[in-house]
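A.B. asks: Have a peek at run02.cif (mmCIF, N, CA and C atoms).
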```cif
data_structure
#
loop_
_atom_site.label_atom_id
_atom_site.label_comp_id
_atom_site.auth_asym_id
_atom_site.auth_seq_id
_atom_site.Cartn_x
_atom_site.Cartn_y
_atom_site.Cartn_z
N MET M 1 46.63 2.29 -62.65
CA MET M 1 45.86 1.12 -63.00
C MET M 1 46.11 0.80 -64.48
N THR M 2 46.39 -0.45 -64.76
CA THR M 2 46.62 -0.88 -66.14
C THR M 2 45.28 -1.13 -66.83
N PRO M 3 45.28 -1.16 -68.17
CA PRO M 3 44.03 -1.46 -68.88
C PRO M 3 43.49 -2.83 -68.49
N THR M 4 42.20 -3.04 -68.73
CA THR M 4 41.57 -4.31 -68.42
C THR M 4 42.22 -5.44 -69.21
N ILE M 5 42.47 -6.53 -68.55
CA ILE M 5 43.10 -7.70 -69.17
C ILE M 5 42.00 -8.72 -69.42
N SER M 6 41.89 -9.15 -70.66
CA SER M 6 40.79 -10.03 -71.05
C SER M 6 40.99 -11.46 -70.55
N PRO M 7 39.89 -12.16 -70.29
CA PRO M 7 39.98 -13.58 -69.93
C PRO M 7 40.66 -14.40 -71.03
N ALA M 8 40.48 -14.00 -72.28
CA ALA M 8 41.12 -14.72 -73.39
C ALA M 8 42.64 -14.61 -73.29
N LEU M 9 43.14 -13.43 -72.93
CA LEU M 9 44.58 -13.25 -72.77
C LEU M 9 45.09 -14.11 -71.61
N VAL M 10 44.38 -14.09 -70.50
CA VAL M 10 44.79 -14.89 -69.34
C VAL M 10 44.83 -16.37 -69.73
N SER M 11 43.86 -16.81 -70.49
CA SER M 11 43.83 -18.21 -70.93
C SER M 11 45.04 -18.54 -71.81
N ARG M 12 45.37 -17.65 -72.74
CA ARG M 12 46.54 -17.89 -73.61
C ARG M 12 47.83 -17.89 -72.80
N ILE M 13 47.95 -16.99 -71.84
CA ILE M 13 49.15 -16.93 -71.00
C ILE M 13 49.24 -18.18 -70.12
N ARG M 14 48.12 -18.63 -69.59
CA ARG M 14 48.10 -19.85 -68.77
C ARG M 14 48.65 -21.02 -69.59
N GLU M 15 48.19 -21.15 -70.82
CA GLU M 15 48.64 -22.24 -71.68
C GLU M 15 50.14 -22.13 -71.98
N GLU M 16 50.58 -20.93 -72.30
CA GLU M 16 52.00 -20.72 -72.62
C GLU M 16 52.88 -20.93 -71.39
N ALA M 17 52.44 -20.43 -70.25
CA ALA M 17 53.22 -20.60 -69.02
C ALA M 17 53.32 -22.07 -68.64
N GLY M 18 52.25 -22.81 -68.82
CA GLY M 18 52.25 -24.23 -68.47
C GLY M 18 53.33 -25.01 -69.17
N ALA M 19 53.69 -24.61 -70.37
CA ALA M 19 54.74 -25.30 -71.12
C ALA M 19 56.09 -25.24 -70.41
N PHE M 20 56.32 -24.24 -69.61
CA PHE M 20 57.58 -24.11 -68.88
C PHE M 20 57.70 -25.12 -67.74
N PHE M 21 56.61 -25.81 -67.41
CA PHE M 21 56.59 -26.68 -66.25
C PHE M 21 56.45 -28.16 -66.59
N ARG M 22 56.60 -28.49 -67.85
CA ARG M 22 56.43 -29.89 -68.26
C ARG M 22 57.44 -30.81 -67.58
N SER M 23 58.63 -30.32 -67.30
CA SER M 23 59.64 -31.15 -66.63
C SER M 23 59.98 -30.58 -65.25
N ALA M 24 59.05 -29.82 -64.68
CA ALA M 24 59.30 -29.17 -63.38
C ALA M 24 59.43 -30.21 -62.27
N ARG M 25 60.16 -29.81 -61.26
CA ARG M 25 60.40 -30.71 -60.14
C ARG M 25 59.68 -30.24 -58.89
N GLY M 26 59.33 -31.19 -58.08
CA GLY M 26 58.84 -31.00 -56.73
C GLY M 26 58.00 -29.80 -56.42
N SER M 27 58.50 -28.97 -55.55
CA SER M 27 57.70 -27.90 -54.96
C SER M 27 57.45 -26.72 -55.90
N HIS M 28 58.10 -26.69 -57.04
CA HIS M 28 57.89 -25.57 -57.97
C HIS M 28 57.34 -26.06 -59.30
N ASP M 29 56.35 -26.92 -59.21
CA ASP M 29 55.70 -27.44 -60.41
C ASP M 29 54.48 -26.58 -60.73
N TRP M 30 53.71 -27.02 -61.72
CA TRP M 30 52.53 -26.26 -62.14
C TRP M 30 51.49 -26.17 -61.03
N ASP M 31 51.39 -27.19 -60.18
CA ASP M 31 50.45 -27.14 -59.06
C ASP M 31 50.78 -25.97 -58.12
N HIS M 32 52.06 -25.73 -57.89
CA HIS M 32 52.49 -24.59 -57.08
C HIS M 32 52.00 -23.29 -57.72
N THR M 33 52.20 -23.17 -59.03
CA THR M 33 51.76 -21.97 -59.74
C THR M 33 50.26 -21.76 -59.59
N GLU M 34 49.49 -22.82 -59.72
CA GLU M 34 48.04 -22.72 -59.58
C GLU M 34 47.64 -22.29 -58.16
N ARG M 35 48.34 -22.82 -57.17
CA ARG M 35 48.03 -22.43 -55.78
C ARG M 35 48.36 -20.95 -55.55
N VAL M 36 49.51 -20.51 -56.04
CA VAL M 36 49.89 -19.10 -55.91
C VAL M 36 48.88 -18.22 -56.64
N TYR M 37 48.44 -18.65 -57.80
CA TYR M 37 47.44 -17.92 -58.58
C TYR M 37 46.16 -17.72 -57.73
N ARG M 38 45.67 -18.80 -57.15
CA ARG M 38 44.44 -18.70 -56.35
C ARG M 38 44.64 -17.81 -55.12
N LEU M 39 45.78 -17.94 -54.47
CA LEU M 39 46.06 -17.08 -53.30
C LEU M 39 46.14 -15.61 -53.71
N CYS M 40 46.80 -15.34 -54.83
CA CYS M 40 46.91 -13.96 -55.30
C CYS M 40 45.53 -13.35 -55.53
N LEU M 41 44.65 -14.11 -56.15
CA LEU M 41 43.32 -13.58 -56.42
C LEU M 41 42.54 -13.36 -55.13
N ARG M 42 42.66 -14.28 -54.20
CA ARG M 42 41.94 -14.14 -52.92
C ARG M 42 42.44 -12.89 -52.17
N ILE M 43 43.74 -12.76 -52.06
CA ILE M 43 44.32 -11.60 -51.37
C ILE M 43 44.03 -10.33 -52.16
N GLY M 44 44.21 -10.40 -53.47
CA GLY M 44 44.03 -9.23 -54.33
C GLY M 44 42.63 -8.66 -54.28
N ARG M 45 41.64 -9.52 -54.20
CA ARG M 45 40.25 -9.04 -54.09
C ARG M 45 40.06 -8.26 -52.79
N LYS M 46 40.58 -8.79 -51.70
CA LYS M 46 40.42 -8.12 -50.40
C LYS M 46 41.18 -6.79 -50.37
N GLU M 47 42.33 -6.75 -51.03
CA GLU M 47 43.18 -5.54 -51.01
C GLU M 47 42.84 -4.56 -52.13
N LYS M 48 41.89 -4.93 -53.01
CA LYS M 48 41.50 -4.10 -54.14
C LYS M 48 42.68 -3.84 -55.09
N ALA M 49 43.40 -4.90 -55.36
CA ALA M 49 44.56 -4.83 -56.27
C ALA M 49 44.10 -4.96 -57.71
N ASP M 50 45.01 -4.74 -58.63
CA ASP M 50 44.76 -4.93 -60.06
C ASP M 50 44.81 -6.44 -60.32
N LEU M 51 43.66 -7.06 -60.42
CA LEU M 51 43.59 -8.52 -60.55
C LEU M 51 44.16 -9.01 -61.87
N GLY M 52 44.07 -8.23 -62.92
CA GLY M 52 44.65 -8.63 -64.20
C GLY M 52 46.15 -8.77 -64.11
N VAL M 53 46.80 -7.79 -63.52
CA VAL M 53 48.25 -7.86 -63.33
C VAL M 53 48.60 -9.06 -62.45
N LEU M 54 47.84 -9.25 -61.39
CA LEU M 54 48.09 -10.38 -60.50
C LEU M 54 47.94 -11.72 -61.20
N GLU M 55 46.90 -11.85 -62.02
CA GLU M 55 46.70 -13.11 -62.74
C GLU M 55 47.91 -13.43 -63.60
N LEU M 56 48.33 -12.47 -64.40
CA LEU M 56 49.46 -12.70 -65.30
C LEU M 56 50.75 -12.96 -64.52
N ALA M 57 50.99 -12.16 -63.50
CA ALA M 57 52.21 -12.33 -62.71
C ALA M 57 52.25 -13.68 -62.01
N ALA M 58 51.13 -14.10 -61.46
CA ALA M 58 51.09 -15.39 -60.76
C ALA M 58 51.35 -16.54 -61.72
N LEU M 59 50.73 -16.48 -62.90
CA LEU M 59 50.91 -17.55 -63.87
C LEU M 59 52.35 -17.63 -64.38
N LEU M 60 53.02 -16.49 -64.45
CA LEU M 60 54.35 -16.43 -65.04
C LEU M 60 55.49 -16.35 -64.01
N HIS M 61 55.17 -16.29 -62.72
CA HIS M 61 56.19 -15.94 -61.73
C HIS M 61 57.37 -16.92 -61.65
N ASP M 62 57.20 -18.17 -61.96
CA ASP M 62 58.30 -19.13 -61.85
C ASP M 62 58.79 -19.66 -63.20
N ILE M 63 58.48 -18.98 -64.30
CA ILE M 63 58.90 -19.51 -65.60
C ILE M 63 60.41 -19.48 -65.80
N GLY M 64 61.13 -18.77 -64.98
CA GLY M 64 62.60 -18.75 -65.05
C GLY M 64 63.26 -19.81 -64.17
N ARG M 65 62.47 -20.60 -63.48
CA ARG M 65 62.99 -21.60 -62.52
C ARG M 65 63.92 -22.60 -63.19
N GLU M 66 63.56 -23.11 -64.37
CA GLU M 66 64.40 -24.10 -65.04
C GLU M 66 65.78 -23.52 -65.38
N GLU M 67 65.80 -22.27 -65.81
CA GLU M 67 67.08 -21.61 -66.11
C GLU M 67 67.93 -21.48 -64.84
N GLU M 68 67.30 -21.14 -63.72
CA GLU M 68 68.03 -21.06 -62.46
C GLU M 68 68.60 -22.42 -62.07
N ASP M 69 67.79 -23.46 -62.23
CA ASP M 69 68.24 -24.81 -61.89
C ASP M 69 69.42 -25.24 -62.76
N ARG M 70 69.32 -24.97 -64.07
CA ARG M 70 70.42 -25.34 -64.98
C ARG M 70 71.71 -24.61 -64.64
N SER M 71 71.59 -23.39 -64.11
CA SER M 71 72.77 -22.60 -63.77
C SER M 71 73.27 -22.90 -62.35
N HIS M 72 72.62 -23.85 -61.68
CA HIS M 72 72.96 -24.19 -60.29
C HIS M 72 72.87 -22.97 -59.38
N GLY M 73 71.88 -22.14 -59.65
CA GLY M 73 71.61 -21.00 -58.77
C GLY M 73 72.34 -19.73 -59.11
N THR M 74 73.16 -19.72 -60.14
CA THR M 74 73.87 -18.48 -60.47
C THR M 74 72.96 -17.48 -61.19
N ILE M 75 71.89 -17.96 -61.79
CA ILE M 75 70.90 -17.10 -62.42
C ILE M 75 69.68 -17.05 -61.51
N CYS M 76 69.19 -15.87 -61.24
CA CYS M 76 68.00 -15.69 -60.41
C CYS M 76 66.75 -15.92 -61.26
N HIS M 77 65.89 -16.83 -60.83
CA HIS M 77 64.70 -17.12 -61.63
C HIS M 77 63.72 -15.95 -61.66
N GLY M 78 63.77 -15.08 -60.68
CA GLY M 78 62.92 -13.90 -60.71
C GLY M 78 63.32 -12.95 -61.84
N ARG M 79 64.61 -12.75 -61.97
CA ARG M 79 65.10 -11.86 -63.04
C ARG M 79 64.92 -12.48 -64.42
N SER M 80 65.31 -13.75 -64.55
CA SER M 80 65.16 -14.38 -65.87
C SER M 80 63.69 -14.54 -66.22
N GLY M 81 62.86 -14.85 -65.23
CA GLY M 81 61.42 -14.97 -65.46
C GLY M 81 60.79 -13.66 -65.88
N ALA M 82 61.24 -12.55 -65.28
CA ALA M 82 60.71 -11.24 -65.66
C ALA M 82 61.05 -10.93 -67.12
N ALA M 83 62.27 -11.26 -67.55
CA ALA M 83 62.67 -11.03 -68.94
C ALA M 83 61.85 -11.91 -69.89
N LEU M 84 61.66 -13.18 -69.52
CA LEU M 84 60.85 -14.07 -70.35
C LEU M 84 59.40 -13.59 -70.42
N ALA M 85 58.86 -13.18 -69.28
CA ALA M 85 57.48 -12.70 -69.23
C ALA M 85 57.30 -11.47 -70.10
N LYS M 86 58.28 -10.59 -70.08
CA LYS M 86 58.21 -9.38 -70.91
C LYS M 86 58.07 -9.76 -72.38
N LYS M 87 58.87 -10.69 -72.84
CA LYS M 87 58.81 -11.13 -74.25
C LYS M 87 57.45 -11.77 -74.55
N ILE M 88 56.99 -12.61 -73.65
CA ILE M 88 55.70 -13.28 -73.85
C ILE M 88 54.57 -12.27 -73.94
N LEU M 89 54.52 -11.36 -72.98
CA LEU M 89 53.43 -10.38 -72.93
C LEU M 89 53.48 -9.44 -74.12
N GLU M 90 54.65 -9.00 -74.49
CA GLU M 90 54.78 -8.15 -75.67
C GLU M 90 54.33 -8.91 -76.92
N GLY M 91 54.64 -10.19 -76.99
CA GLY M 91 54.22 -11.02 -78.11
C GLY M 91 52.72 -11.16 -78.21
N HIS M 92 52.04 -10.99 -77.09
CA HIS M 92 50.57 -11.05 -77.08
C HIS M 92 49.95 -9.66 -77.20
N GLY M 93 50.78 -8.65 -77.44
CA GLY M 93 50.28 -7.30 -77.66
C GLY M 93 49.91 -6.54 -76.41
N CYS M 94 50.43 -6.94 -75.26
CA CYS M 94 50.13 -6.23 -74.02
C CYS M 94 50.75 -4.84 -74.04
N ASP M 95 50.08 -3.90 -73.43
CA ASP M 95 50.57 -2.54 -73.35
C ASP M 95 51.78 -2.45 -72.41
N ALA M 96 52.55 -1.39 -72.58
CA ALA M 96 53.80 -1.22 -71.83
C ALA M 96 53.57 -1.17 -70.32
N ALA M 97 52.48 -0.56 -69.88
CA ALA M 97 52.22 -0.45 -68.43
C ALA M 97 51.96 -1.82 -67.82
N THR M 98 51.21 -2.66 -68.52
CA THR M 98 50.95 -4.01 -68.02
C THR M 98 52.23 -4.82 -67.99
N VAL M 99 53.00 -4.75 -69.06
CA VAL M 99 54.26 -5.49 -69.13
C VAL M 99 55.18 -5.08 -67.98
N ALA M 100 55.31 -3.79 -67.76
CA ALA M 100 56.19 -3.30 -66.68
C ALA M 100 55.68 -3.73 -65.31
N ALA M 101 54.37 -3.66 -65.09
CA ALA M 101 53.80 -4.04 -63.79
C ALA M 101 54.01 -5.53 -63.51
N VAL M 102 53.75 -6.37 -64.50
CA VAL M 102 53.92 -7.82 -64.33
C VAL M 102 55.39 -8.16 -64.14
N ALA M 103 56.26 -7.57 -64.95
CA ALA M 103 57.70 -7.85 -64.83
C ALA M 103 58.22 -7.45 -63.45
N HIS M 104 57.76 -6.31 -62.93
CA HIS M 104 58.18 -5.90 -61.58
C HIS M 104 57.75 -6.94 -60.54
N CYS M 105 56.52 -7.42 -60.63
CA CYS M 105 56.04 -8.44 -59.70
C CYS M 105 56.93 -9.67 -59.73
N ILE M 106 57.24 -10.13 -60.92
CA ILE M 106 58.03 -11.36 -61.06
C ILE M 106 59.47 -11.13 -60.61
N ARG M 107 60.05 -10.01 -61.01
CA ARG M 107 61.45 -9.73 -60.66
C ARG M 107 61.65 -9.64 -59.15
N THR M 108 60.64 -9.16 -58.43
CA THR M 108 60.81 -8.92 -56.99
C THR M 108 60.13 -9.96 -56.11
N HIS M 109 59.58 -11.03 -56.70
CA HIS M 109 58.82 -11.97 -55.86
C HIS M 109 59.70 -12.77 -54.92
N ARG M 110 61.00 -12.77 -55.12
CA ARG M 110 61.91 -13.46 -54.20
C ARG M 110 62.37 -12.52 -53.09
N PHE M 111 62.67 -11.27 -53.44
CA PHE M 111 63.12 -10.23 -52.51
C PHE M 111 64.20 -10.72 -51.56
N ARG M 112 65.23 -11.29 -52.14
CA ARG M 112 66.40 -11.66 -51.35
C ARG M 112 67.57 -10.75 -51.68
N LYS M 113 67.73 -10.53 -52.97
CA LYS M 113 68.77 -9.61 -53.45
C LYS M 113 68.09 -8.62 -54.37
N GLY M 114 68.60 -7.41 -54.37
CA GLY M 114 68.04 -6.45 -55.30
C GLY M 114 66.79 -5.79 -54.76
N GLY M 115 65.96 -5.35 -55.68
CA GLY M 115 64.81 -4.52 -55.35
C GLY M 115 63.70 -5.23 -54.60
N ALA M 116 63.08 -4.48 -53.74
CA ALA M 116 61.93 -4.95 -52.98
C ALA M 116 60.66 -4.73 -53.79
N PRO M 117 59.61 -5.50 -53.52
CA PRO M 117 58.33 -5.28 -54.19
C PRO M 117 57.78 -3.90 -53.83
N ARG M 118 57.56 -3.05 -54.84
CA ARG M 118 57.12 -1.67 -54.60
C ARG M 118 55.62 -1.47 -54.78
N THR M 119 54.97 -2.35 -55.48
CA THR M 119 53.54 -2.16 -55.75
C THR M 119 52.72 -3.13 -54.90
N LEU M 120 51.45 -2.82 -54.77
CA LEU M 120 50.55 -3.71 -54.03
C LEU M 120 50.56 -5.10 -54.66
N GLU M 121 50.49 -5.15 -55.98
CA GLU M 121 50.44 -6.44 -56.68
C GLU M 121 51.73 -7.23 -56.46
N ALA M 122 52.87 -6.58 -56.48
CA ALA M 122 54.14 -7.27 -56.24
C ALA M 122 54.22 -7.79 -54.82
N ARG M 123 53.73 -7.02 -53.85
CA ARG M 123 53.73 -7.48 -52.46
C ARG M 123 52.80 -8.67 -52.27
N ILE M 124 51.67 -8.65 -52.97
CA ILE M 124 50.73 -9.77 -52.88
C ILE M 124 51.35 -11.03 -53.47
N LEU M 125 51.99 -10.94 -54.63
CA LEU M 125 52.64 -12.11 -55.22
C LEU M 125 53.73 -12.63 -54.29
N PHE M 126 54.53 -11.75 -53.72
CA PHE M 126 55.56 -12.15 -52.78
C PHE M 126 54.94 -12.94 -51.62
N ASP M 127 53.88 -12.41 -51.04
CA ASP M 127 53.24 -13.09 -49.91
C ASP M 127 52.61 -14.42 -50.31
N ALA M 128 51.90 -14.44 -51.43
CA ALA M 128 51.24 -15.67 -51.87
C ALA M 128 52.25 -16.76 -52.16
N ASP M 129 53.37 -16.39 -52.75
CA ASP M 129 54.42 -17.38 -53.07
C ASP M 129 55.00 -17.97 -51.79
N LYS M 130 55.12 -17.17 -50.77
CA LYS M 130 55.69 -17.65 -49.50
C LYS M 130 54.67 -18.47 -48.70
N LEU M 131 53.38 -18.17 -48.88
CA LEU M 131 52.34 -18.91 -48.16
C LEU M 131 52.15 -20.32 -48.69
N ASP M 132 52.50 -20.52 -49.97
CA ASP M 132 52.30 -21.85 -50.55
C ASP M 132 53.42 -22.79 -50.14
#
```
As structure tokens - that is how I would like this structure written.
C.D. replies:
Amino acid sequence: MTPTISPALVSRIREEAGAFFRSARGSHDWDHTERVYRLCLRIGRKEKADLGVLELAALLHDIGREEEDRSHGTICHGRSGAALAKKILEGHGCDAATVAAVAHCIRTHRFRKGGAPRTLEARILFDADKLD
């Protein structure tokens, strides 16, 4: 279990993540992120998951989408998003366990190539993203 994540941190991350979606297109806009966020919390409460990790992961899960689009799909937005999220979270002083947990969720939320979601929180993000 990671340390408690403050509502103030979640608010700052929400604001920072939102900036990545100012020119977002169609189905992967900020509204999608908000829906995934709500689904993650609903599922996470029932499954007794780490809601702090889920909140951060849901808000940041598609921040690499623009980079993937610019590369015409040669860059995986899960991988680039995990790297971006790591920098953002470290910049906000998040502990290493939280950063690693959130990055794993984001990196594996597509689960097409590479690693599968190994944690409860990563599996919840994967499911919530597909349900939206």
A.B. asks: Which residues would end up in the selection if the PyMOL selection byres ((chain M and resi 3) around 8) were applied here, given that I need the answer as a short mmCIF file (atom, residue, chain, number, x, y, z; two decimals) with N, CA and C atoms, keeping the file's coordinate frame?
C.D. replies:
```
data_model
loop_
_atom_site.label_atom_id
_atom_site.label_comp_id
_atom_site.auth_asym_id
_atom_site.auth_seq_id
_atom_site.Cartn_x
_atom_site.Cartn_y
_atom_site.Cartn_z
N MET M 1 46.63 2.29 -62.65
CA MET M 1 45.86 1.12 -63.00
C MET M 1 46.11 0.80 -64.48
N THR M 2 46.39 -0.45 -64.76
CA THR M 2 46.62 -0.88 -66.14
C THR M 2 45.28 -1.13 -66.83
N THR M 4 42.20 -3.04 -68.73
CA THR M 4 41.57 -4.31 -68.42
C THR M 4 42.22 -5.44 -69.21
N ILE M 5 42.47 -6.53 -68.55
CA ILE M 5 43.10 -7.70 -69.17
C ILE M 5 42.00 -8.72 -69.42
N SER M 6 41.89 -9.15 -70.66
CA SER M 6 40.79 -10.03 -71.05
C SER M 6 40.99 -11.46 -70.55
N GLY M 52 44.07 -8.23 -62.92
CA GLY M 52 44.65 -8.63 -64.20
C GLY M 52 46.15 -8.77 -64.11
N VAL M 53 46.80 -7.79 -63.52
CA VAL M 53 48.25 -7.86 -63.33
C VAL M 53 48.60 -9.06 -62.45
N ASP M 95 50.08 -3.90 -73.43
CA ASP M 95 50.57 -2.54 -73.35
C ASP M 95 51.78 -2.45 -72.41
N ALA M 97 52.48 -0.56 -69.88
CA ALA M 97 52.22 -0.45 -68.43
C ALA M 97 51.96 -1.82 -67.82
N THR M 98 51.21 -2.66 -68.52
CA THR M 98 50.95 -4.01 -68.02
C THR M 98 52.23 -4.82 -67.99
#
```
A.B. asks: Got a sec: who's within 7 Å of stretch 77-92 of chain M, counting all atoms listed in the file, leaving out chain neighbours fewer than 2 positions off, as a PyMOL selection string?
C.D. replies: chain M and resi 60-68+75+94-95+99+102-104+106-110
A.B. asks: Taking the DSSP secondary structure from the backbone, can you list the residues of chain M that are helix (DSSP H, G or I), as a ChimeraX atom specification?
C.D. replies: /M:7-21,26-28,30-47,51-60,65-70,77-91,96-107,120-131
A.B. asks: Near M:Asp127, counting only N, CA and C atoms, which residues have an atom at most 8 Å away, once you skip same-chain residues fewer than 6 positions from it, shown as a list in words?
C.D. replies: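 Residues meeting the cut-off are Val36, Leu39, Cys40, His109 and Glu121 of chain M.
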A.B. asks: Can you work out the spacing between atom CA of M:Leu131 and atom N of M:Asp29 in Å, to one decimal?
C.D. replies: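 Atom-to-atom, atom CA of M:Leu131 to atom N of M:Asp29, that is 14.2 Å.
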A.B. asks: If I take atom C of M:Leu120 and atom C of M:Arg42, how far is one from the other in Å, to one decimal?
C.D. replies: 11.5 Å
A.B. asks: Suppose you want the space between atom C of M:Ala57 and atom CA of M:Leu125; what is it in Å?
C.D. replies: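 Between atom C of M:Ala57 and atom CA of M:Leu125 the gap is 7.0 Å.
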A.B. asks: Starting from the shown file, work through the PyMOL selection byres ((chain M and resi 9-20) around 7) and note down what comes out as a PyMOL selection string.
C.D. replies: chain M and resi 5-8+21-24+30+55-56+59-60+63
A.B. asks: Go ahead and fit an axis-aligned box to every listed atom of stretch 98-101 of chain M plus 3 Å each side, and pass me the centre and edge lengths in Å, one decimal, as AutoDock Vina command-line options.
C.D. replies:
```
--center_x 53.6 --center_y -4.1 --center_z -66.3 --size_x 11.2 --size_y 8.9 --size_z 11.6
```
